[in-house]
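Below is final30.cif, holding mmCIF, C-alpha atoms.
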data_target
#
loop_
_atom_site.label_atom_id
_atom_site.label_comp_id
_atom_site.auth_asym_id
_atom_site.auth_seq_id
_atom_site.Cartn_x
_atom_site.Cartn_y
_atom_site.Cartn_z
CA MET A 291 0.00 0.00 0.00
CA GLY A 292 1.06 3.56 -0.47
CA GLU A 293 2.79 2.51 -3.65
CA VAL A 294 1.66 4.14 -6.81
CA ALA A 295 2.09 1.36 -9.31
CA ILE A 296 4.52 1.87 -12.12
CA ALA A 297 1.99 0.56 -14.62
CA ALA A 298 0.18 3.85 -14.97
CA CYS A 299 3.25 6.04 -15.10
CA HIS A 300 3.95 8.48 -17.89
CA VAL A 301 7.63 8.22 -18.63
CA PRO A 302 9.18 11.27 -20.25
CA LEU A 303 9.68 10.98 -23.99
CA TRP A 304 13.36 10.20 -23.70
CA GLY A 305 12.80 7.10 -21.65
CA VAL A 306 12.59 4.79 -24.64
CA LYS A 307 15.08 2.06 -25.37
CA ASN A 308 17.79 2.81 -27.85
CA THR A 309 17.72 -0.18 -30.15
CA GLN A 310 18.71 -0.67 -33.74
CA GLN A 311 15.86 -1.88 -35.90
CA LYS A 312 16.28 -3.60 -39.24
CA PRO A 313 16.39 -1.19 -42.19
CA SER A 314 13.38 -2.93 -43.71
CA LYS A 315 11.33 -2.32 -40.58
CA ILE A 316 12.45 1.30 -40.42
CA SER A 317 11.50 2.01 -44.00
CA ARG A 318 8.18 0.19 -43.67
CA ARG A 319 7.23 2.27 -40.64
CA LEU A 320 8.40 5.54 -42.17
CA GLU A 321 6.32 4.80 -45.20
CA GLN A 322 3.29 3.92 -43.11
CA SER A 323 3.61 7.20 -41.25
CA TRP A 324 3.86 9.06 -44.54
CA ARG A 325 0.91 7.26 -46.17
CA GLU A 326 -1.49 7.22 -43.26
CA ALA A 327 -0.31 10.24 -41.24
CA VAL A 328 0.52 8.02 -38.27
CA PRO A 329 2.59 9.77 -35.60
CA VAL A 330 5.90 8.04 -34.95
CA ARG A 331 8.73 8.33 -32.49
CA ILE A 332 12.03 8.32 -34.32
CA GLN A 333 15.31 7.42 -32.67
CA HIS A 334 18.24 8.79 -34.61
CA GLU A 335 21.98 9.08 -34.28
CA GLY A 336 21.96 12.81 -34.81
CA ALA A 337 20.86 13.27 -31.22
CA PRO A 338 20.89 9.90 -29.43
CA GLY A 339 18.58 9.66 -26.46
CA GLU A 340 16.45 12.49 -27.75
CA PRO A 341 13.92 10.98 -30.10
CA LEU A 342 11.83 13.04 -32.48
CA ASP A 343 8.07 12.75 -32.50
CA GLY A 344 6.29 13.56 -35.68
CA ILE A 345 4.58 12.57 -38.88
CA VAL A 346 6.66 11.65 -41.89
CA LEU A 347 5.94 14.02 -44.78
CA ASP A 348 8.47 12.74 -47.28
CA VAL A 349 11.26 10.15 -47.41
CA SER A 350 14.21 9.67 -49.69
CA ALA A 351 17.15 7.33 -49.32
CA GLU A 352 19.15 10.33 -48.08
CA TRP A 353 16.83 12.53 -46.02
CA THR A 354 13.48 12.29 -44.23
CA LEU A 355 11.18 15.25 -43.64
CA ILE A 356 9.05 15.22 -40.50
CA ALA A 357 6.23 17.42 -39.27
CA ARG A 358 7.27 17.70 -35.63
CA LEU A 359 5.08 17.02 -32.63
CA ARG A 360 5.76 18.30 -29.15
CA ASP A 361 4.27 16.53 -26.15
CA GLY A 362 3.17 13.95 -28.71
CA ALA A 363 0.11 15.99 -29.50
CA TYR A 364 0.89 19.46 -30.90
CA LEU A 365 2.37 20.28 -34.31
CA ASP A 366 5.58 22.23 -33.95
CA GLY A 367 7.40 22.99 -37.16
CA TYR A 368 9.56 20.67 -39.21
CA SER A 369 12.73 18.63 -38.99
CA ALA A 370 14.76 17.04 -41.75
CA ILE A 371 17.08 14.24 -40.66
CA ARG A 372 19.40 11.89 -42.50
CA THR A 373 17.55 8.70 -43.28
CA ALA A 374 20.66 6.62 -42.56
CA ASP A 375 20.83 8.10 -39.04
CA ILE A 376 17.47 6.63 -38.11
CA SER A 377 17.92 3.66 -35.78
CA ALA A 378 14.34 2.96 -34.76
CA VAL A 379 10.79 4.02 -35.60
CA ARG A 380 7.80 3.32 -33.39
CA PRO A 381 4.22 4.18 -34.26
CA ASP A 382 2.48 6.17 -31.55
CA ASP A 383 -1.17 6.77 -32.32
CA ARG A 384 -2.24 7.69 -28.76
CA PHE A 385 -2.94 11.29 -29.62
CA LEU A 386 -4.44 10.77 -33.07
CA PRO A 387 -8.00 11.59 -31.91
CA PHE A 388 -6.72 14.81 -30.37
CA LEU A 389 -4.62 15.71 -33.41
CA LYS A 390 -7.46 15.01 -35.81
CA ALA A 391 -9.66 17.43 -33.92
CA GLN A 392 -7.22 20.29 -34.53
CA ARG A 393 -7.65 22.77 -37.35
CA ASN A 394 -4.12 22.23 -38.61
CA TRP A 395 -4.58 18.49 -39.18
CA PRO A 396 -3.28 16.77 -41.24
CA PRO A 397 0.07 18.55 -41.14
CA ALA A 398 0.77 20.58 -44.25
CA ARG A 399 3.95 20.24 -46.21
CA PRO A 400 6.22 23.26 -46.08
CA THR A 401 5.07 25.97 -48.50
CA HIS A 402 8.16 25.61 -50.68
CA PRO A 403 9.19 22.12 -51.75
CA ILE A 404 12.35 20.61 -50.29
CA ASP A 405 14.74 18.48 -52.28
CA LEU A 406 15.57 15.59 -49.96
CA GLY A 407 18.31 14.26 -52.23
CA SER A 408 21.18 15.97 -50.44
CA ALA A 409 22.14 18.22 -47.53
CA GLN A 410 22.40 21.05 -50.04
CA GLY A 411 18.84 20.52 -51.17
CA VAL A 412 17.59 20.32 -47.59
CA VAL A 413 19.37 23.47 -46.40
CA ARG A 414 18.34 25.45 -49.48
CA GLY A 415 14.77 24.20 -49.27
CA ALA A 416 14.50 24.93 -45.55
CA LEU A 417 15.85 28.45 -46.15
CA ASP A 418 13.22 28.95 -48.85
CA ASN A 419 10.63 28.33 -46.15
CA ALA A 420 12.21 30.12 -43.23
CA PRO A 421 15.15 32.53 -43.00
CA VAL A 422 16.26 31.13 -39.65
CA LEU A 423 17.06 27.45 -39.14
CA GLY A 424 18.13 25.24 -36.28
CA PHE A 425 20.74 22.69 -37.23
CA TYR A 426 23.11 20.02 -35.98
CA ARG A 427 26.51 19.34 -37.49
CA SER A 428 27.84 15.81 -37.66
CA THR A 429 31.39 17.00 -36.98
CA ALA A 430 30.47 18.80 -33.78
CA PRO A 431 30.42 17.01 -30.44
CA SER A 432 26.95 15.65 -29.77
CA GLY A 433 24.58 18.23 -28.44
CA GLY A 434 25.94 20.90 -30.75
CA PHE A 435 22.86 22.72 -31.98
CA TRP A 436 22.84 26.13 -33.61
CA ILE A 437 20.15 28.55 -34.61
CA ALA A 438 21.17 30.72 -37.48
CA ARG A 439 20.08 32.80 -40.40
CA GLY A 440 21.35 31.54 -43.74
CA ILE A 441 23.38 34.16 -45.57
CA ALA A 442 24.71 32.41 -48.64
CA VAL A 443 24.91 28.94 -50.09
CA VAL A 444 27.86 28.47 -52.39
CA GLU A 445 28.50 24.79 -52.61
CA PRO A 446 30.14 23.02 -50.99
CA HIS A 447 29.82 25.64 -48.24
CA TRP A 448 27.23 27.85 -46.68
CA TRP A 449 27.49 31.00 -44.63
CA TYR A 450 25.28 31.76 -41.69
CA LEU A 451 24.91 34.16 -38.80
CA THR A 452 24.07 32.54 -35.49
CA ILE A 453 21.65 33.68 -32.81
CA SER A 454 23.01 33.16 -29.30
CA PRO A 455 21.00 31.38 -26.60
CA GLU A 456 20.50 34.90 -25.23
CA GLY A 457 18.41 35.73 -28.28
CA THR A 458 20.91 38.13 -29.86
CA TRP A 459 22.76 38.06 -33.16
CA ASP A 460 26.33 36.86 -32.80
CA GLU A 461 29.05 38.88 -34.42
CA GLY A 462 30.44 37.77 -37.74
CA ASP A 463 29.13 35.09 -40.04
CA GLU A 464 30.47 31.57 -40.13
CA ARG A 465 31.23 29.24 -42.95
CA ALA A 466 30.77 25.47 -42.85
CA ARG A 467 30.58 22.58 -45.27
CA ILE A 468 26.98 22.08 -46.08
CA ASP A 469 27.24 18.29 -46.13
CA GLU A 470 28.20 18.38 -42.44
CA VAL A 471 24.64 19.34 -41.60
CA SER A 472 22.99 16.29 -40.04
CA ARG A 473 19.63 17.72 -39.07
CA VAL A 474 17.70 20.86 -39.89
CA ASP A 475 14.77 22.28 -37.87
CA PHE A 476 12.59 25.13 -39.03
CA LEU A 477 9.40 26.94 -38.09
CA THR A 478 9.42 25.50 -34.56
CA ASP A 479 8.16 27.47 -31.57
CA TYR A 480 11.62 27.72 -30.03
CA ILE A 481 13.21 29.06 -33.19
CA SER A 482 10.40 31.57 -33.61
CA VAL A 483 11.00 32.98 -30.11
CA LEU A 484 14.74 33.30 -30.67
CA GLN A 485 14.29 34.84 -34.09
CA GLU A 486 11.74 37.34 -32.83
CA SER A 487 13.89 38.22 -29.82
CA ALA A 488 16.95 38.79 -31.97
CA GLY A 489 15.03 41.19 -34.21
CA SER A 490 16.17 42.28 -37.65
CA PRO A 491 19.47 40.79 -38.67
CA PRO A 492 22.44 43.06 -39.30
CA GLU A 493 22.08 44.63 -42.72
CA ASP A 494 24.95 42.86 -44.42
CA SER A 495 23.54 39.40 -43.74
CA VAL A 496 21.06 39.19 -46.57
CA MET A 497 20.38 35.73 -47.92
CA VAL A 498 21.97 35.11 -51.29
CA THR A 499 21.82 31.73 -52.95
CA ARG A 500 23.52 30.90 -56.15
CA PRO A 501 24.59 27.67 -57.75
CA ALA A 502 28.19 26.54 -57.46
CA GLY A 503 30.49 28.47 -59.75
CA ALA A 504 27.93 31.09 -60.70
CA ALA A 505 29.16 34.65 -60.93
CA ARG A 506 27.78 37.15 -58.53
CA MET B 221 18.71 21.73 -26.91
CA PRO B 222 20.14 24.33 -24.53
CA LEU B 223 23.90 24.30 -24.24
CA TRP B 224 23.88 26.36 -21.07
CA GLY B 225 22.34 23.87 -18.65
CA VAL B 226 25.53 22.08 -17.62
CA PRO B 227 25.11 20.61 -14.12
CA LYS B 228 27.26 22.23 -11.48
CA SER B 229 27.41 22.24 -7.71
CA SER B 230 24.35 23.28 -5.74
CA HIS B 231 23.62 26.86 -4.85
CA SER B 232 23.35 27.73 -1.17
CA ARG B 233 19.87 27.70 0.35
CA LYS B 234 20.22 31.44 0.87
CA LYS B 235 21.01 32.14 -2.75
CA ILE B 236 18.18 29.92 -3.91
CA ALA B 237 15.73 31.70 -1.60
CA ARG B 238 16.92 35.14 -2.74
CA ARG B 239 16.59 34.33 -6.41
CA LEU B 240 13.19 32.68 -6.09
CA SER B 241 11.99 35.72 -4.25
CA ARG B 242 13.36 38.09 -6.91
CA SER B 243 11.67 36.02 -9.59
CA GLN B 244 8.36 36.60 -7.86
CA THR B 245 8.73 40.24 -6.90
CA GLU B 246 10.52 41.47 -10.02
CA CYS B 247 8.91 39.13 -12.57
CA ILE B 248 12.13 37.57 -13.78
CA PRO B 249 11.93 34.03 -15.15
CA VAL B 250 14.19 31.43 -13.55
CA GLU B 251 15.86 28.27 -14.72
CA ILE B 252 15.65 25.66 -12.03
CA VAL B 253 17.68 22.49 -11.67
CA ASP B 254 16.38 20.07 -9.08
CA ARG B 255 18.12 17.09 -7.63
CA PHE B 256 16.17 14.62 -9.73
CA SER B 257 16.43 16.23 -13.12
CA ASP B 258 19.92 15.14 -14.11
CA GLY B 259 21.00 18.66 -14.94
CA GLU B 260 18.00 19.38 -17.13
CA THR B 261 16.50 22.76 -16.43
CA ARG B 262 12.90 23.80 -15.95
CA THR B 263 12.00 27.36 -16.88
CA GLY B 264 9.29 29.32 -15.16
CA LEU B 265 8.27 32.37 -13.26
CA VAL B 266 7.69 32.19 -9.51
CA LEU B 267 4.09 33.14 -8.75
CA ALA B 268 3.96 32.16 -5.09
CA LEU B 269 6.45 31.12 -2.44
CA GLY B 270 5.52 28.93 0.48
CA GLU B 271 7.79 27.76 3.22
CA ASP B 272 8.28 24.35 1.65
CA TRP B 273 6.75 24.66 -1.83
CA ILE B 274 6.75 27.10 -4.73
CA LEU B 275 4.26 27.77 -7.49
CA LEU B 276 5.66 28.42 -10.95
CA GLN B 277 4.21 29.53 -14.24
CA SER B 278 5.87 26.99 -16.53
CA ILE B 279 7.48 28.39 -19.65
CA ARG B 280 8.38 26.17 -22.60
CA ASP B 281 10.49 26.94 -25.65
CA ALA B 282 11.65 30.21 -24.09
CA GLY B 283 8.43 32.09 -24.79
CA PHE B 284 5.26 30.04 -24.33
CA TYR B 285 3.27 29.45 -21.15
CA ASP B 286 2.59 25.81 -20.42
CA GLY B 287 0.54 25.49 -17.28
CA TYR B 288 1.68 25.59 -13.68
CA ALA B 289 4.17 23.62 -11.64
CA ILE B 290 4.49 23.21 -7.88
CA LEU B 291 7.91 22.15 -6.65
CA ARG B 292 9.39 21.25 -3.31
CA ARG B 293 11.92 23.86 -2.22
CA LYS B 294 14.24 21.34 -0.65
CA ASP B 295 14.68 19.54 -3.98
CA ILE B 296 15.85 22.68 -5.78
CA ARG B 297 19.60 22.69 -6.31
CA ARG B 298 20.23 25.63 -8.58
CA VAL B 299 18.31 28.72 -9.63
CA ARG B 300 19.35 31.11 -12.35
CA LEU B 301 17.53 34.36 -13.01
CA ARG B 302 17.15 34.88 -16.72
CA ASP B 303 15.42 37.94 -18.11
CA THR B 304 16.50 37.27 -21.71
CA PHE B 305 13.03 36.63 -23.06
CA VAL B 306 11.06 39.03 -20.89
CA PRO B 307 10.73 41.55 -23.76
CA TYR B 308 9.33 38.77 -25.94
CA LEU B 309 6.89 37.67 -23.23
CA ARG B 310 5.78 41.25 -22.60
CA GLU B 311 5.05 41.76 -26.23
CA HIS B 312 3.42 38.45 -27.06
CA ARG B 313 1.83 37.12 -23.88
CA GLU B 314 -0.16 38.32 -20.94
CA TRP B 315 2.44 39.87 -18.65
CA PRO B 316 2.82 39.25 -15.87
CA PRO B 317 1.27 35.82 -16.44
CA PRO B 318 -2.17 35.18 -14.95
CA LEU B 319 -2.49 33.35 -11.67
CA PRO B 320 -4.23 29.96 -11.60
CA ALA B 321 -8.02 30.01 -11.61
CA GLY B 322 -8.17 29.52 -7.85
CA GLU B 323 -6.01 30.04 -4.83
CA ILE B 324 -3.50 27.34 -3.91
CA ASN B 325 -2.47 26.93 -0.30
CA LEU B 326 1.19 25.95 -0.42
CA ALA B 327 1.30 24.94 3.24
CA SER B 328 1.53 21.21 2.66
CA ALA B 329 1.18 18.47 0.06
CA ALA B 330 -2.34 17.86 1.34
CA THR B 331 -3.50 21.47 0.96
CA ILE B 332 -1.81 21.76 -2.44
CA LEU B 333 -3.45 18.65 -3.84
CA ALA B 334 -6.84 19.60 -2.45
CA ASP B 335 -6.66 23.05 -4.06
CA VAL B 336 -5.26 21.81 -7.35
CA ALA B 337 -8.02 19.22 -7.52
CA ARG B 338 -10.56 22.06 -7.26
CA ILE B 339 -8.96 24.02 -10.10
CA ALA B 340 -7.91 21.31 -12.54
CA SER B 341 -9.89 18.29 -13.66
CA VAL B 342 -6.67 16.30 -13.98
CA PHE B 343 -3.16 16.93 -12.75
CA ILE B 344 0.30 15.46 -13.04
CA PHE B 345 2.24 14.44 -9.99
CA ALA B 346 5.61 12.91 -9.27
CA GLU B 347 7.16 10.93 -6.44
CA GLU B 348 10.73 11.38 -7.52
CA ARG B 349 12.41 10.08 -4.40
CA ARG B 350 10.74 6.76 -5.12
CA ARG B 351 10.53 6.89 -8.90
CA PRO B 352 12.84 9.40 -10.49
CA GLY B 353 11.77 10.35 -13.98
CA ALA B 354 8.21 9.02 -13.72
CA VAL B 355 5.04 11.05 -13.50
CA TRP B 356 1.40 10.12 -13.09
CA LEU B 357 -1.69 11.82 -14.31
CA GLY B 358 -5.10 11.57 -12.80
CA THR B 359 -7.90 12.95 -10.74
CA PRO B 360 -8.50 12.37 -7.02
CA VAL B 361 -11.68 10.72 -5.80
CA GLU B 362 -11.12 10.36 -2.09
CA TRP B 363 -8.69 11.51 0.53
CA ASP B 364 -7.90 11.32 4.19
CA ALA B 365 -5.24 12.87 6.42
CA ARG B 366 -2.31 11.06 4.87
CA ALA B 367 -3.20 10.02 1.35
CA MET B 368 -5.28 10.58 -1.69
CA TRP B 369 -6.91 8.00 -3.93
CA ILE B 370 -6.41 8.94 -7.52
CA VAL B 371 -7.95 7.50 -10.65
CA MET B 372 -5.14 7.48 -13.20
CA ILE B 373 -5.06 7.99 -16.90
CA ASN B 374 -2.68 5.48 -18.43
CA PRO B 375 0.03 6.54 -20.87
CA ASP B 376 -2.20 5.16 -23.65
CA CYS B 377 -4.77 7.81 -22.70
CA THR B 378 -7.34 5.44 -21.16
CA TRP B 379 -8.72 5.71 -17.65
CA GLU B 380 -7.52 3.02 -15.32
CA ASP B 381 -9.99 0.88 -13.43
CA GLY B 382 -10.08 1.77 -9.76
CA ALA B 383 -8.12 4.29 -7.79
CA ARG B 384 -4.59 4.14 -6.45
CA GLU B 385 -3.38 5.44 -3.16
CA ALA B 386 -0.81 8.23 -3.25
CA LEU B 387 0.73 9.21 0.08
CA PHE B 388 1.15 12.94 0.63
CA THR B 389 4.57 12.33 2.10
CA ASN B 390 5.84 10.93 -1.20
CA LEU B 391 4.79 13.90 -3.29
CA THR B 392 7.58 15.94 -4.89
CA GLN B 393 5.94 17.75 -7.81
CA VAL B 394 2.56 18.73 -9.20
CA GLU B 395 1.72 20.16 -12.60
CA PHE B 396 -1.59 21.22 -14.07
CA GLY B 397 -3.04 23.22 -16.92
CA ASP B 398 -0.17 22.11 -19.18
CA ASP B 399 -0.45 21.05 -22.79
CA TYR B 400 0.47 17.42 -22.18
CA SER B 401 -2.18 16.74 -19.59
CA ARG B 402 -4.72 18.67 -21.65
CA ALA B 403 -4.09 16.36 -24.63
CA VAL B 404 -4.12 13.18 -22.52
CA HIS B 405 -7.35 14.23 -20.83
CA ALA B 406 -8.96 15.17 -24.14
CA VAL B 407 -8.25 11.72 -25.56
CA ALA B 408 -9.25 9.87 -22.37
CA GLY B 409 -12.51 11.78 -22.08
CA PRO B 410 -14.38 12.34 -18.82
CA MET B 411 -13.62 10.03 -15.95
CA PRO B 412 -15.93 7.01 -15.83
CA ALA B 413 -18.54 7.19 -13.10
CA TRP B 414 -16.99 6.62 -9.71
CA GLY B 415 -19.09 4.83 -7.10
CA SER B 416 -19.64 6.55 -3.79
CA GLU B 417 -19.13 3.32 -1.82
CA PRO B 418 -15.78 3.19 -0.07
CA SER B 419 -13.28 1.18 -2.04
CA GLU B 420 -11.94 -1.75 -0.04
CA ASP B 421 -8.57 -2.24 -1.64
CA PRO B 422 -8.47 -0.30 -4.88
CA ALA B 423 -4.71 -0.35 -5.29
CA SER B 424 -4.34 -4.11 -5.19
CA GLU B 425 -3.20 -5.65 -8.40
#

Structure translated into structure tokens:
Amino acid sequence: MGEVAIAACHVPLWGVKNTQQKPSKISRRLEQSWREAVPVRIQHEGAPGEPLDGIVLDVSAEWTLIARLRDGAYLDGYSAIRTADISAVRPDDRFLPFLKAQRNWPPARPTHPIDLGSAQGVVRGALDNAPVLGFYRSTAPSGGFWIARGIAVVEPHWWYLTISPEGTWDEGDERARIDEVSRVDFLTDYISVLQESAGSPPEDSVMVTRPAGAAR
Amino acid sequence: MPLWGVPKSSHSRKKIARRLSRSQTECIPVEIVDRFSDGETRTGLVLALGEDWILLQSIRDAGFYDGYAILRRKDIRRVRLRDTFVPYLREHREWPPPLPAGEINLASAATILADVARIASVFIFAEERRRPGAVWLGTPVEWDARAMWIVMINPDCTWEDGAREALFTNLTQVEFGDDYSRAVHAVAGPMPAWGSEPSEDPASE
């Protein structure tokens, strides 16, 4: 007596086992999520121990686009992750009745299409939809997450200006290889607060995209 | 997500008390690390300070209100005042944030649960000394001087049969009015009719 049984407990989202599923199972479940708008919890190497909840909007062999869910039940922007980084996918339809009752259901694709064939396509496509992105870099120690405004994409690099966790523009843009990007978030609540807090970007950081080798 | 929440040594009780009090009087959000959270921070604004418990407006994603949390003071290890997003909150939200729909007496776990039960149709609670990382969600149906009997909603969003006893002495945290419990409750629907006859041994399983 006096023991609240564990059976009814709500474990935080990160309490799931980190297992490696077979690629065939992963792709079957991603496809089911995409076809039937089934929410899934996705374990991925980009941020181990921090699964993504969402609905798959598009899958390619290289990248997967997800309409994100927070608390399992509220749409919250988009994430693109490398398909090869996905280690497990679990359907989670608990909140489907709640989601279906929302005005924004089913989740819409981003306004501008995103080419999931490469990191370049993903970064460019995400920037077409939102000037400020959140992203992880595969070369950074795990947990390295930046929020930044894209300034220029000149393959194989891109330039960006970061927003600090204090919600202010950092000084000076940075350059990185675009294929180091391992996950891109955009139009999430958190990014919107940081972007809004930072205000207008410095004038010289206007987004310019041009194909590799093109003259300015 | 945040890179700034690296766990460090505990703040002194005095410093914790001073900062919690400034959060309340000057409307400055705080980041709180408690001894169960493994360095993960909780962001909120102190709305009320009791001797042993505090009431927080929970803030998620830097700029969105997400219900209320009641924490035990003795579990709090670190408090950081952080006014970074106050201009955003002022501009986009009700500021200062509204108090809960009814008064909450922070004197004891028993008074807190009784008041929360009046305000919220379901609430989340934790017994972290016994089960770190786990929370339960439910609505109380009976109580006495030392415990409450709570009908739980399972993680699959269905009401459990029968009520379970939760001792006041085990309580470490309460949350209500948050998005998660709102969604779980919406899917579970209203609690099934609960008989008025005293339950003999509802927690047995």

Who sits within 6 Å of stretch 450-461 of chain A, only C-alpha atoms, same chain under 4 positions skipped, as number ranges by chain:
A: 437-441, 484, 487-488; B: 304

If you count all atoms listed in the file, which residues fall within 10 Å of stretch 344-350 of chain B, apart from same-chain ones fewer than 5 positions away, as a ChimeraX atom specification?
/A:293-294,299-300 /B:255-257,289-291,295,333,355-359,372-373,386-398,400-401

Among listed residues B:Arg338, B:Arg242, B:Arg302, B:Arg297, nearest chain A (using only C-alpha atoms)
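Answer, going by the shortest atom-to-atom distance: B:Arg302.
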
Convert the output of the PyMOL selection byres ((chain A and resi 386) around 10) on the shown file into explicit residues, formatted as a ChimeraX atom specification.
/A:327-329,362-363,382-385,387-391,395 /B:407

Evaluate the PyMOL selection byres ((chain B and resi 322) around 10) and report residues as a PyMOL selection string:
chain B and resi 319-321+323-325+335-336+338-340

Record the distance separating atom CA of A:Arg467 and atom CA of A:Thr354, expressed in Å with one decimal.
20.0 Å

Report as a ChimeraX atom specification the residues that result from applying the PyMOL selection byres ((chain B and resi 361) around 7) to the structure here.
/B:359-360,362,369-371
